[in-house]
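A.B. asks: A single structure is presented below for examination.
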Amino acid sequence: METVVFYVFAALALAGALMVISFKNPVSSALSLVLTLFSTAVLFVLLLAHFVAVIQILVYAGAIMILFLFTVMFLNLKPESFKFESKHLGFKVSALLVILLFVGYFASLGFKKGLFLSNASVSEMEGFGTVQGVGTTLFVDYLLPFELTSILILVAIIGVVIIAKKRAN
Amino acid sequence: MNISIEHYLVLSAVLFVIGAYGVIVRKNLIIVLMSLELMLNSANLAFVAFSRALGDMTGHVFMIMSITVAAAEVAVGLALLVSIYSHRESLDIDILKLLKG
């Protein structure tokens, strides 16, 4: 059962990711990205990360994608503004090869270290991935990074306001 | 056959490759930002998979931090995008090769 669910949603996530980078229209890409993020949330549930899965759907597939769609609608793009001359085939192939080289290098390093961990031992651990468990970890062990996150958000708000204000002048 | 952590890591690596390819190859600025989201999301999947394998919830906390960073990045990126579009009437990233505003 778990195997079937994993393969179905992994295939959906890959299909969504491929559609994101192949559609011309940004709205279609945004909706494909929702498919990928939702499938990833299902995989999080398989990994016993229930709280994180809910956060993924609420924040990522909800708020961030609304932001993307809102911006596309706000810009009021004409159909001809989606038409760019695409890059050369040689550029595409060489970009893909360089990425595969880097990712393959790090993946081979990881597998050479022998990361063959079993995931059977923690399945009975109490409170793993629940709101209580994640909350305890977040507010006891990682309180300072959590507070620093608020500074990051404050900086982002100030930056966005300044950029928008400059446009209005 | 049982699903092990390697399955999730391979899926995460493939999603990362697709996202990085989109960032480099696509010319539409909105789709470049979406491909960045894809890369961050694949890193989140690896965090949660390791968290499950090690029985440690630190990965979940890192994933929440990473979502926060992604939200801030998208907000600033889209504000820049709106500003660029109102200046240049185009979303082609290749017109942004001058540092002059």
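To be explicit about the labels: the chains of the structure tokens are called A, B, and onward in the order shown, and within each one the residues are counted from 1, while ligands get numbers from 1 in the order they are shown.
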Pick out each residue of chain B that DSSP on the backbone tags as alpha helix (DSSP H); I need them as an MDAnalysis selection string.
C.D. replies: chainID B and resid 5:25 29:54 58:88
A.B. asks: Could the residues of chain A within 7 Å of chain B, counting only C-alpha atoms, be given as a PyMOL selection string, please?
C.D. replies: chain A and resi 3+14+17-18+21+26+47+52+64+81+87+92+95-96+99-100+117-119+122+129+134+137-138+153+156+159-160+163-164+167
A.B. asks: Which residues, written as a list in words, have at least one atom at most 12 Å from Val45 in chain A, with only C-alpha atoms counted and residues fewer than 5 positions away on the same chain left out?
C.D. replies: Glu2, Val5, Phe6, Phe9, Phe38, Ser39, Thr40, His50, Phe51, Val52, Ala53, Val54, Ile55, Gln56, Ile57, Phe128, Gly129 and Thr130 of chain A; Leu45, Val48, Ala49 and Arg52 of chain B
A.B. asks: Would you mind exporting C-alpha atoms of the selected residues as a tab-separated table (two decimals), in the first residue's frame?
C.D. replies:
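Just written: part.tsv:
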```
chain	number	residue	atom	x	y	z
A	2	GLU	CA	2.72	2.45	1.02
A	5	VAL	CA	1.06	5.57	-2.75
A	6	PHE	CA	4.73	6.54	-2.95
A	9	PHE	CA	2.53	10.62	-5.87
A	38	PHE	CA	0.40	18.82	-3.03
A	39	SER	CA	2.02	15.51	-4.03
A	40	THR	CA	5.01	16.40	-1.88
A	50	HIS	CA	1.87	15.29	9.63
A	51	PHE	CA	2.26	18.85	10.90
A	52	VAL	CA	4.75	19.72	8.18
A	53	ALA	CA	2.38	18.31	5.55
A	54	VAL	CA	-0.43	20.58	6.73
A	55	ILE	CA	1.95	23.56	6.75
A	56	GLN	CA	3.03	22.65	3.22
A	57	ILE	CA	-0.55	22.74	1.94
A	128	PHE	CA	6.94	12.05	15.97
A	129	GLY	CA	5.83	14.75	13.53
A	130	THR	CA	2.78	15.85	15.49
B	45	LEU	CA	11.70	16.73	0.93
B	48	VAL	CA	11.96	15.49	6.04
B	49	ALA	CA	13.23	12.16	4.67
B	52	ARG	CA	12.32	10.25	9.41
```
A.B. asks: What's the separation between CA of Phe106 in chain A and CA of Phe47 in chain B, in Å to one decimal place?
C.D. replies: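 Answer for the CA of Phe106 in chain A to CA of Phe47 in chain B separation: 15.6 Å.
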A.B. asks: In Å, how far is it from CA of Pro79 in chain A to CA of Leu96 in chain B?
C.D. replies: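 For CA of Pro79 in chain A relative to CA of Leu96 in chain B, the distance reads 21.1 Å.
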A.B. asks: Quick one: distance from CA of Leu69 in chain A to CA of Ala41 in chain A in Å, one decimal?
C.D. replies: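 Spanning CA of Leu69 in chain A to CA of Ala41 in chain A is a straight-line distance of 20.3 Å.
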